[in-house]
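Colleague: Shown below is the structure under consideration.
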Amino acid sequence: MSNEVMLIRGGIPLEGTVRVSGGKNTSVAVMPATLLSDEPCVIENLPDISDVHAMVDILSSLGAKVSFRDGRMEVDPTSVSSSQVGYEHARRLRGSYYLMGVLLGRYHEFEVAQPGGCDIGLRMIDQHLKGFRALGASVEERNGIVTAKATRLTGAKINFDQVTVGGTINVMLAACRAEGNSILLNAAKEPHVVDVANFLNSMGASIKGAGTDTIRISGRPNLHGSSYAVIPDQIETGTLMIAAAATHGDVVISNCIPTHMEALTAKLLEMGVRVEEQGDAIEVRGAGPHRGVRVKTQVYPGFPTDLQQPMSALLTTASGDSEIYETIFENRFRHVDELNRMGANIRVSGRLALFTGVPELLSAPVTVTDLRAGAALLVAGLMASGETEIHAPEYIDRGYEHIEDKLRALHADIRRERLG
Ligand code: EPZ
């Protein structure tokens with residue numbers, strides 16, 4: 001745990017305009033996907049977050065020439081000389097698993113340590129490996145390392161046993177340079193699946209149906225270089241919308257894609273929050289009482305599991321009862337104890353969290369356990385009277401670019417201090 005603490009003096013309505021950064025979950029897939037190209041690529045709108053920096057380090061460790069400045073990555077994959085990603089690198093982010101699909105697709109082999117990422121459940125990768133095997137790879141998992149080899153990759157029909165964002169993207173990465181056609185059935189439909197497919201197609205891949213549950217890929221022997229900008233972050237957009245509502249503020253969230261936010265927008269409207277779509281911006285006005293609601297996380301276009309944690313903070317003071325049913329991950333309520341320390345009244349039973357609205361949250365020292373738990377505590381700190389101390393704020397830096405600067409620009413009283 002770092003020796004830093006984030007301090008927030010809450011109760012101030014957020015007001016003004018804030019610009020959403022490029023998406024974390026698309027960036028950690030598009031960045032390694034550049035290695036599938038035989039020529040240099042440029043990726044723009046990358047967020048300045050620790051997961052992106054970790055991915056830059058991984059690509060460099062494989063021998064690629066990588067430069068990253070001001071959200072722009074230039075990469076020359078022609079000097080890649082390794083297909084191994086060790087534990088030290090892989091553990092830094094969940095998205096390290098995308099090197100499996102990329103290295104298999106490009107070099108027909110990989111040796112990659114099991115990924116890291118937030119501790120929110122089992123987080124298996126069996127469906128990823130099922131896809132690689134279907135394409136013709138022999139895959140072995142031993143001592144925390146996944147090893148794969150294929151004499152050739154041949155298109156296949158792959159029916160995912162369950163919807164998996166990472167599995168869908170990973171198999172797409174390997175299949176786009178396989179010989180022949182592949183069909184992915186029961187595929188994930190998240191916005192970043194579409195973004196990765198769009199990037200691959202900009203390199204000359206042939207991928208159709210991304211964004212639906214059936215993706216058809218016609219393998220290409222080579223892919224050329226491309227310049228591409230990743231889409232705005234759906235989850236940062238949602239977190240800022242929730243923070244605006246939770247502080248009874250009036251915030252315009254710009255550079256976002258409102259259609260990606262439909263499930264959250266509907267829930268906020270149901271609570272009595274005013275939400276107005278304005279082209280590539282959304283205005284959220286949180287004035288007035290908020291009614292309790294029932295939330296059930298679902299795969300896209302349902303309510304995103306990554307937003308249930310910050311949404312939990314908002315529900316703590318909504319009138320009456322609320323509930324959250326988490327269908328995607330089995331251990332994604334670790335922020336609840338911390339919210340209860342701040343005066344919330346939440347009871348967890350398995351995948352169900354039951355809320356009884358309380359008049360207000362009170363500041364307290366709390367500790368972040370995972371990225372979106374950090375988002376929940378950030379929102380709670382903005383709501384609570386008094387000064388809330390958030391320990392282990394580095395988790396928040398994994399997925400939110402310069403979050404203090406953004407919130408200070410909206411009048412929040414937020415700063416970070418070194419401990420001891
Ligand atoms: C991605 O994780 C995101 N991470 C997560 O965001 C997000 O919560 C999740 O998708 C769902 O939207 C990145 O994109 C880097 P899954 P991923 O494969 O790929 C099970 C954040 O906060 N499963 O869709 O790991 C798995 O255990 C992070 O930004 C298998 O059983 O999610 C989970 O219960 C957190 N076998 C469920 O499926 C597999 O082979 C969904 O996982 C794959 C998944």
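FYI, nothing fancy with the structure tokens labels: chains A, B, ... in order, residues from 1 per chain, ligands from 1 as they appear.
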From the DSSP assignment of the backbone, select every residue of stretch 184-257 of chain A that is helix (DSSP H, G or I), and format the answer as a compact mmCIF listing (two decimals) with all heavy atoms, in the first residue's frame.
Modeller:
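And here's selection.txt as it stands now:
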```
# COMPACT_ATOMS: atom_id res chain seq x y z
N PRO A 191 -18.91 -1.57 -25.75
CA PRO A 191 -18.36 -0.57 -26.69
C PRO A 191 -16.90 -0.79 -27.03
O PRO A 191 -16.47 -0.58 -28.16
CB PRO A 191 -18.57 0.75 -25.95
CG PRO A 191 -19.70 0.51 -25.03
CD PRO A 191 -19.62 -0.92 -24.62
N HIS A 192 -16.11 -1.28 -26.05
CA HIS A 192 -14.69 -1.42 -26.37
C HIS A 192 -14.41 -2.65 -27.22
O HIS A 192 -13.40 -2.69 -27.92
CB HIS A 192 -13.79 -1.38 -25.14
CG HIS A 192 -14.23 -2.12 -23.95
ND1 HIS A 192 -15.31 -1.73 -23.18
CD2 HIS A 192 -13.75 -3.23 -23.35
CE1 HIS A 192 -15.44 -2.57 -22.18
NE2 HIS A 192 -14.53 -3.48 -22.26
N VAL A 193 -15.35 -3.62 -27.25
CA VAL A 193 -15.19 -4.72 -28.22
C VAL A 193 -15.28 -4.14 -29.63
O VAL A 193 -14.49 -4.45 -30.52
CB VAL A 193 -16.29 -5.79 -28.00
CG1 VAL A 193 -16.23 -6.84 -29.11
CG2 VAL A 193 -16.16 -6.45 -26.63
N VAL A 194 -16.25 -3.24 -29.84
CA VAL A 194 -16.43 -2.59 -31.14
C VAL A 194 -15.22 -1.73 -31.48
O VAL A 194 -14.72 -1.75 -32.61
CB VAL A 194 -17.71 -1.73 -31.13
CG1 VAL A 194 -17.89 -1.01 -32.46
CG2 VAL A 194 -18.93 -2.59 -30.82
N ASP A 195 -14.69 -1.03 -30.48
CA ASP A 195 -13.54 -0.14 -30.73
C ASP A 195 -12.33 -0.94 -31.19
O ASP A 195 -11.64 -0.57 -32.14
CB ASP A 195 -13.22 0.65 -29.45
CG ASP A 195 -12.51 1.95 -29.75
OD1 ASP A 195 -12.75 2.54 -30.84
OD2 ASP A 195 -11.70 2.40 -28.92
N VAL A 196 -12.08 -2.08 -30.53
CA VAL A 196 -10.93 -2.91 -30.91
C VAL A 196 -11.14 -3.46 -32.33
O VAL A 196 -10.23 -3.44 -33.16
CB VAL A 196 -10.73 -4.06 -29.90
CG1 VAL A 196 -9.62 -5.01 -30.36
CG2 VAL A 196 -10.40 -3.51 -28.51
N ALA A 197 -12.36 -3.89 -32.63
CA ALA A 197 -12.64 -4.41 -33.99
C ALA A 197 -12.44 -3.31 -35.03
O ALA A 197 -11.84 -3.54 -36.09
CB ALA A 197 -14.07 -4.95 -34.05
N ASN A 198 -12.88 -2.10 -34.70
CA ASN A 198 -12.69 -0.98 -35.64
C ASN A 198 -11.21 -0.72 -35.88
O ASN A 198 -10.77 -0.46 -37.00
CB ASN A 198 -13.37 0.28 -35.11
CG ASN A 198 -14.89 0.19 -35.18
OD1 ASN A 198 -15.43 -0.65 -35.90
ND2 ASN A 198 -15.57 1.02 -34.39
N PHE A 199 -10.42 -0.81 -34.80
CA PHE A 199 -8.98 -0.58 -34.97
C PHE A 199 -8.38 -1.67 -35.86
O PHE A 199 -7.64 -1.38 -36.81
CB PHE A 199 -8.26 -0.54 -33.62
CG PHE A 199 -6.76 -0.53 -33.75
CD1 PHE A 199 -6.13 0.48 -34.47
CD2 PHE A 199 -6.00 -1.56 -33.23
CE1 PHE A 199 -4.75 0.48 -34.63
CE2 PHE A 199 -4.61 -1.56 -33.39
CZ PHE A 199 -3.99 -0.54 -34.10
N LEU A 200 -8.72 -2.92 -35.57
CA LEU A 200 -8.16 -4.03 -36.37
C LEU A 200 -8.57 -3.87 -37.84
O LEU A 200 -7.75 -4.05 -38.75
CB LEU A 200 -8.66 -5.37 -35.81
CG LEU A 200 -8.10 -5.74 -34.43
CD1 LEU A 200 -8.85 -6.95 -33.84
CD2 LEU A 200 -6.60 -6.03 -34.49
N ASN A 201 -9.82 -3.50 -38.08
CA ASN A 201 -10.25 -3.29 -39.47
C ASN A 201 -9.49 -2.14 -40.12
O ASN A 201 -9.17 -2.18 -41.31
CB ASN A 201 -11.77 -3.03 -39.54
CG ASN A 201 -12.58 -4.31 -39.32
OD1 ASN A 201 -12.07 -5.42 -39.53
ND2 ASN A 201 -13.81 -4.16 -38.88
N SER A 202 -9.10 -1.14 -39.32
CA SER A 202 -8.32 -0.02 -39.89
C SER A 202 -6.91 -0.49 -40.30
O SER A 202 -6.22 0.18 -41.06
CB SER A 202 -8.22 1.13 -38.88
OG SER A 202 -7.23 0.86 -37.89
N GLN A 234 -16.30 4.86 -21.11
CA GLN A 234 -17.70 4.72 -20.69
C GLN A 234 -17.83 4.76 -19.17
O GLN A 234 -18.76 5.37 -18.63
CB GLN A 234 -18.21 3.37 -21.22
CG GLN A 234 -19.60 2.98 -20.81
CD GLN A 234 -19.84 1.47 -20.95
OE1 GLN A 234 -18.89 0.66 -20.99
NE2 GLN A 234 -21.10 1.10 -21.01
N ILE A 235 -16.86 4.16 -18.47
CA ILE A 235 -17.00 4.04 -17.01
C ILE A 235 -16.59 5.33 -16.31
O ILE A 235 -17.19 5.74 -15.32
CB ILE A 235 -16.20 2.84 -16.48
CG1 ILE A 235 -16.60 1.55 -17.23
CG2 ILE A 235 -16.41 2.67 -14.97
CD1 ILE A 235 -18.08 1.24 -17.24
N GLU A 236 -15.62 6.04 -16.88
CA GLU A 236 -15.31 7.36 -16.32
C GLU A 236 -16.51 8.29 -16.52
O GLU A 236 -16.90 9.04 -15.61
CB GLU A 236 -14.07 7.99 -16.96
CG GLU A 236 -13.73 9.33 -16.32
CD GLU A 236 -12.67 10.14 -17.08
OE1 GLU A 236 -12.38 9.85 -18.25
OE2 GLU A 236 -12.15 11.08 -16.45
N THR A 237 -17.13 8.22 -17.72
CA THR A 237 -18.33 9.04 -17.97
C THR A 237 -19.39 8.77 -16.91
O THR A 237 -19.93 9.68 -16.28
CB THR A 237 -18.91 8.71 -19.37
OG1 THR A 237 -17.92 8.90 -20.37
CG2 THR A 237 -20.13 9.57 -19.66
N GLY A 238 -19.62 7.47 -16.67
CA GLY A 238 -20.66 7.10 -15.69
C GLY A 238 -20.32 7.53 -14.28
O GLY A 238 -21.18 8.00 -13.53
N THR A 239 -19.04 7.41 -13.93
CA THR A 239 -18.62 7.79 -12.57
C THR A 239 -18.82 9.29 -12.36
O THR A 239 -19.31 9.73 -11.31
CB THR A 239 -17.14 7.41 -12.35
OG1 THR A 239 -16.96 6.02 -12.65
CG2 THR A 239 -16.70 7.70 -10.93
N LEU A 240 -18.51 10.10 -13.38
CA LEU A 240 -18.69 11.55 -13.29
C LEU A 240 -20.18 11.91 -13.23
O LEU A 240 -20.59 12.81 -12.49
CB LEU A 240 -18.01 12.25 -14.46
CG LEU A 240 -16.47 12.17 -14.45
CD1 LEU A 240 -15.90 12.59 -15.80
CD2 LEU A 240 -15.89 13.03 -13.32
N MET A 241 -21.00 11.17 -13.97
CA MET A 241 -22.47 11.41 -13.93
C MET A 241 -22.98 11.14 -12.53
O MET A 241 -23.76 11.93 -11.97
CB MET A 241 -23.18 10.49 -14.93
CG MET A 241 -22.94 10.83 -16.39
SD MET A 241 -23.57 9.54 -17.53
CE MET A 241 -25.34 9.68 -17.30
N ILE A 242 -22.51 10.05 -11.92
CA ILE A 242 -22.95 9.67 -10.57
C ILE A 242 -22.47 10.70 -9.56
O ILE A 242 -23.21 11.11 -8.66
CB ILE A 242 -22.44 8.25 -10.24
CG1 ILE A 242 -23.17 7.21 -11.10
CG2 ILE A 242 -22.58 7.95 -8.75
CD1 ILE A 242 -22.54 5.83 -11.07
N ALA A 243 -21.23 11.17 -9.72
CA ALA A 243 -20.69 12.17 -8.77
C ALA A 243 -21.49 13.47 -8.85
O ALA A 243 -21.79 14.11 -7.83
CB ALA A 243 -19.21 12.42 -9.08
N ALA A 244 -21.89 13.86 -10.06
CA ALA A 244 -22.69 15.08 -10.23
C ALA A 244 -24.03 14.92 -9.52
O ALA A 244 -24.49 15.82 -8.79
CB ALA A 244 -22.92 15.35 -11.71
N ALA A 245 -24.64 13.75 -9.69
CA ALA A 245 -25.94 13.50 -9.04
C ALA A 245 -25.77 13.45 -7.52
O ALA A 245 -26.54 14.07 -6.78
CB ALA A 245 -26.52 12.19 -9.55
N ALA A 246 -24.72 12.77 -7.08
CA ALA A 246 -24.53 12.52 -5.63
C ALA A 246 -24.27 13.80 -4.86
O ALA A 246 -24.59 13.91 -3.67
CB ALA A 246 -23.39 11.53 -5.42
```
Colleague: List as a VMD selection string the protein and nucleic acid residues near A:Ser21, meaning an atom at most 8 Å away when only C-alpha atoms are counted, but skip any in the same chain fewer than 5 places from it.
Modeller: chain A and resid 45 to 47 232 to 233 236 255 401
Colleague: Would you mind exporting N, CA and C atoms of the selected residues as a PDB file, in the first residue's frame?
Modeller:
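Result file follows (part-v2.pdb):
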```pdb
ATOM      1  N   ASN A  45      -5.418   9.584 -27.985  1.00  0.00           N
ATOM      2  CA  ASN A  45      -6.470   9.686 -26.972  1.00  0.00           C
ATOM      3  C   ASN A  45      -6.308   8.644 -25.863  1.00  0.00           C
ATOM      4  N   LEU A  46      -5.076   8.161 -25.677  1.00  0.00           N
ATOM      5  CA  LEU A  46      -4.824   7.199 -24.596  1.00  0.00           C
ATOM      6  C   LEU A  46      -4.820   7.941 -23.260  1.00  0.00           C
ATOM      7  N   PRO A  47      -5.461   7.426 -22.229  1.00  0.00           N
ATOM      8  CA  PRO A  47      -5.467   8.110 -20.932  1.00  0.00           C
ATOM      9  C   PRO A  47      -4.134   7.950 -20.206  1.00  0.00           C
ATOM     10  N   PRO A 232     -13.926   7.451 -25.957  1.00  0.00           N
ATOM     11  CA  PRO A 232     -13.945   7.941 -24.569  1.00  0.00           C
ATOM     12  C   PRO A 232     -14.323   6.826 -23.606  1.00  0.00           C
ATOM     13  N   ASP A 233     -13.945   7.010 -22.342  1.00  0.00           N
ATOM     14  CA  ASP A 233     -14.147   5.972 -21.329  1.00  0.00           C
ATOM     15  C   ASP A 233     -15.594   5.964 -20.819  1.00  0.00           C
ATOM     16  N   GLU A 236     -15.619   6.045 -16.882  1.00  0.00           N
ATOM     17  CA  GLU A 236     -15.312   7.364 -16.316  1.00  0.00           C
ATOM     18  C   GLU A 236     -16.509   8.290 -16.518  1.00  0.00           C
ATOM     19  N   ASN A 255     -17.186  15.287 -24.400  1.00  0.00           N
ATOM     20  CA  ASN A 255     -16.365  14.290 -25.097  1.00  0.00           C
ATOM     21  C   ASN A 255     -16.757  12.878 -24.669  1.00  0.00           C
ATOM     22  N   GLU A 401      -7.916   9.208 -15.133  1.00  0.00           N
ATOM     23  CA  GLU A 401      -6.814  10.118 -15.458  1.00  0.00           C
ATOM     24  C   GLU A 401      -6.972  11.453 -14.727  1.00  0.00           C
TER      25      GLU A 401
END
```
Colleague: From the set A:Asp321, A:Asp51, A:Asp280, A:Glu4, which residue has the shortest atom-to-atom contact distance to ligand 1, counting only C-alpha atoms and all ligand atoms?
Modeller: A:Asp51
Colleague: Using only C-alpha atoms for the distances, tell me which of A:Glu389, A:Glu44, A:Asp57, A:Glu179 is nearest to A:Arg92.
Modeller: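 Smallest distance to A:Arg92 is found for A:Asp57.
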Colleague: 6 Å from ligand 1 is the threshold here; counting only C-alpha atoms and all ligand atoms, which polymer residues fall inside it? Answer as JSON, numbers by chain.
Modeller: {"A": [25, 94, 95, 122, 123, 124, 125, 126, 127, 128, 164, 165, 166, 167, 305, 306, 328, 329, 371, 372]}
Colleague: Those selected residues, please, written with N, CA and C atoms and delivered as an mmCIF file, in the first residue's frame.
Modeller:
```cif
data_model
loop_
_atom_site.group_PDB
_atom_site.id
_atom_site.type_symbol
_atom_site.label_atom_id
_atom_site.label_comp_id
_atom_site.auth_asym_id
_atom_site.auth_seq_id
_atom_site.Cartn_x
_atom_site.Cartn_y
_atom_site.Cartn_z
ATOM 1 N N ASN A 25 -10.333 0.386 -20.788
ATOM 2 C CA ASN A 25 -10.481 -1.015 -21.199
ATOM 3 C C ASN A 25 -10.318 -1.207 -22.695
ATOM 4 N N ARG A 94 -4.901 -6.416 -15.635
ATOM 5 C CA ARG A 94 -5.682 -7.530 -16.159
ATOM 6 C C ARG A 94 -5.472 -7.652 -17.661
ATOM 7 N N GLY A 95 -5.379 -6.506 -18.335
ATOM 8 C CA GLY A 95 -5.294 -6.506 -19.793
ATOM 9 C C GLY A 95 -4.041 -7.151 -20.337
ATOM 10 N N LEU A 122 -13.233 -14.692 -9.145
ATOM 11 C CA LEU A 122 -12.321 -15.730 -9.643
ATOM 12 C C LEU A 122 -11.572 -15.258 -10.883
ATOM 13 N N ARG A 123 -12.299 -14.656 -11.807
ATOM 14 C CA ARG A 123 -11.735 -14.101 -13.053
ATOM 15 C C ARG A 123 -10.946 -15.160 -13.820
ATOM 16 N N MET A 124 -11.624 -16.202 -14.213
ATOM 17 C CA MET A 124 -11.004 -17.269 -14.986
ATOM 18 C C MET A 124 -10.680 -16.777 -16.403
ATOM 19 N N ILE A 125 -9.873 -17.524 -17.122
ATOM 20 C CA ILE A 125 -9.647 -17.222 -18.551
ATOM 21 C C ILE A 125 -9.841 -18.484 -19.394
ATOM 22 N N ASP A 126 -10.641 -19.426 -18.877
ATOM 23 C CA ASP A 126 -10.851 -20.680 -19.609
ATOM 24 C C ASP A 126 -11.463 -20.469 -20.996
ATOM 25 N N GLN A 127 -12.310 -19.460 -21.130
ATOM 26 C CA GLN A 127 -12.940 -19.219 -22.437
ATOM 27 C C GLN A 127 -11.938 -18.654 -23.446
ATOM 28 N N HIS A 128 -10.983 -17.863 -22.947
ATOM 29 C CA HIS A 128 -9.921 -17.372 -23.833
ATOM 30 C C HIS A 128 -9.169 -18.577 -24.405
ATOM 31 N N THR A 164 -18.010 -13.100 -22.299
ATOM 32 C CA THR A 164 -16.764 -12.615 -21.696
ATOM 33 C C THR A 164 -16.172 -11.527 -22.572
ATOM 34 N N VAL A 165 -15.978 -10.346 -22.004
ATOM 35 C CA VAL A 165 -15.399 -9.226 -22.747
ATOM 36 C C VAL A 165 -13.969 -9.568 -23.147
ATOM 37 N N GLY A 166 -13.168 -9.960 -22.157
ATOM 38 C CA GLY A 166 -11.765 -10.265 -22.434
ATOM 39 C C GLY A 166 -11.625 -11.424 -23.392
ATOM 40 N N GLY A 167 -12.450 -12.453 -23.202
ATOM 41 C CA GLY A 167 -12.361 -13.627 -24.075
ATOM 42 C C GLY A 167 -12.726 -13.281 -25.511
ATOM 43 N N THR A 305 -21.366 -3.614 -14.725
ATOM 44 C CA THR A 305 -20.864 -4.025 -13.402
ATOM 45 C C THR A 305 -19.843 -3.022 -12.875
ATOM 46 N N ASP A 306 -19.082 -2.379 -13.757
ATOM 47 C CA ASP A 306 -18.061 -1.423 -13.297
ATOM 48 C C ASP A 306 -18.667 -0.169 -12.687
ATOM 49 N N ILE A 328 -22.335 -10.377 -12.485
ATOM 50 C CA ILE A 328 -21.129 -10.670 -13.270
ATOM 51 C C ILE A 328 -19.997 -11.222 -12.411
ATOM 52 N N PHE A 329 -19.684 -10.533 -11.309
ATOM 53 C CA PHE A 329 -18.561 -10.975 -10.454
ATOM 54 C C PHE A 329 -19.085 -11.396 -9.093
ATOM 55 N N LEU A 371 -10.127 -0.910 -7.973
ATOM 56 C CA LEU A 371 -10.325 0.323 -8.732
ATOM 57 C C LEU A 371 -11.706 0.942 -8.551
ATOM 58 N N ARG A 372 -12.760 0.187 -8.766
ATOM 59 C CA ARG A 372 -14.095 0.802 -8.741
ATOM 60 C C ARG A 372 -14.619 0.948 -7.304
#
```
Colleague: Given only C-alpha atoms, how would the per-residue table for stretch 13-124 of chain A near stretch 283-297 of chain A read, listing every residue at most 12 Å away with its closest atom pair and distance in Å to one decimal, sorted by chain and number, as JSON lines?
Modeller:
```
{"residue": "A:Pro13", "atom": "CA", "partner": "A:Gly286", "partner_atom": "CA", "distance": 8.7}
{"residue": "A:Leu14", "atom": "CA", "partner": "A:Gly286", "partner_atom": "CA", "distance": 9.4}
{"residue": "A:Glu15", "atom": "CA", "partner": "A:Arg285", "partner_atom": "CA", "distance": 9.2}
{"residue": "A:Gly16", "atom": "CA", "partner": "A:Glu283", "partner_atom": "CA", "distance": 9.7}
{"residue": "A:Thr17", "atom": "CA", "partner": "A:Glu283", "partner_atom": "CA", "distance": 8.7}
{"residue": "A:Val18", "atom": "CA", "partner": "A:Glu283", "partner_atom": "CA", "distance": 10.3}
{"residue": "A:Arg19", "atom": "CA", "partner": "A:Glu283", "partner_atom": "CA", "distance": 11.9}
```
Colleague: Would you give me, as a PyMOL selection string, the residues in stretch 182-399 of chain A that DSSP reads as strand (DSSP E)?
Modeller: chain A and resi 182-185+206-208+214-218+227-229+250-254+274-277+281-285+294-296+321-325+346-349+352-356+365-367+387-391
Colleague: Have a look at A:Thr147, A:Gly117, A:Ile215, A:Leu361 and name the one nearest to A:Phe160; count only C-alpha atoms.
Modeller: A:Ile215
Colleague: Just the residues within 7 Å of A:Gly180, please, counting only C-alpha atoms, with nothing from its chain fewer than 3 positions along; format it as an MDAnalysis selection string.
Modeller: chainID A and resid 154:155 218:219
Colleague: Between A:Val30, A:Leu185, A:Ala150, A:Ile282, which residue has the minimum interatomic distance to A:Val56, considering only C-alpha atoms?
Modeller: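 Under the stated criterion, the closest residue is A:Val30.
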